[in-house]
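Read through the structure below, which is laid out as structure tokens, and then see the notes.
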Amino acid sequence: MDELKQLESLGLVLPGPAYILGSILFGLLGYVAFRRGRRMERSDLTWTGVALMLYPYAIDQTWVLWAVGAALCGWLYLKWN
């Protein structure tokens, strides 16, 4: 427990369950979009899939993760068909 407090004093905080769930969910959706975009030779689906897979690494707030993920999924939904 002392190690966790030392890490928190250095500014390192473990992500919560909502953040981890969002990262996994958007990563899987991104992988599906990437695969479908490559198979159909559609760059808009491919790059949206890449964005969905990679953006959680750049965001550290949970609400921003879900907001950006919802926006990218909305874009993906519009471009899917």
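Note on naming: chains are A, B, ... as they come in the structure tokens, residues start from 1 per chain, ligands start from 1 in the order shown.
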
Who sits within 12 Å of Arg42 in chain A, only C-alpha atoms, same chain under 4 positions skipped, as a list in words:
Ala33, Phe34, Arg35, Arg36, Gly37, Arg38, Thr46, Trp47, Thr48, Gly49, Leu76, Lys79, Trp80 and Asn81 of chain A

Just the residues within 8 Å of range 16-30 of chain A, please, counting only C-alpha atoms, with nothing from its chain fewer than 3 positions along; format it as a PyMOL selection string.
chain A and resi 33-34+48-54+56+61-62+65-66+69

As a PyMOL selection string, please: every residue in range 22-72 of chain A that a backbone DSSP assignment puts in alpha helix (DSSP H).
chain A and resi 22-40+43-54+62-72

For CA of Leu7 in chain A and CA of Tyr55 in chain A, quote the distance in Å rounded to one decimal.
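Computing the Euclidean distance for CA of Leu7 in chain A and CA of Tyr55 in chain A yields 24.1 Å.
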
Compare A:Ser9, A:Asp2, A:Leu14, A:Leu72 by their minimum atom-to-atom distance to Asp44 in chain A, counting only C-alpha atoms, and give me the closest one.
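So, comparing all the options, the nearest one is A:Leu72.
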
I'd like the interatomic distance between CA of Val32 in chain A and CA of Cys73 in chain A, to a tenth of an Å.
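Computed distance, CA of Val32 in chain A to CA of Cys73 in chain A, equals 11.6 Å.
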
Figure out the distance between CA of Ser43 in chain A and CA of Ala71 in chain A, please, to one decimal in Å.
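About the pair CA of Ala71 in chain A and CA of Ser43 in chain A: they are 18.0 Å apart.
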
Could you check the closest approach to Asp60 in chain A for each of A:Leu10, A:Lys5, A:Met40, A:Pro15 and tell me which residue wins, using only C-alpha atoms?
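Between A:Leu10, A:Lys5, A:Met40, A:Pro15, the residue approaching Asp60 in chain A most closely is A:Pro15.
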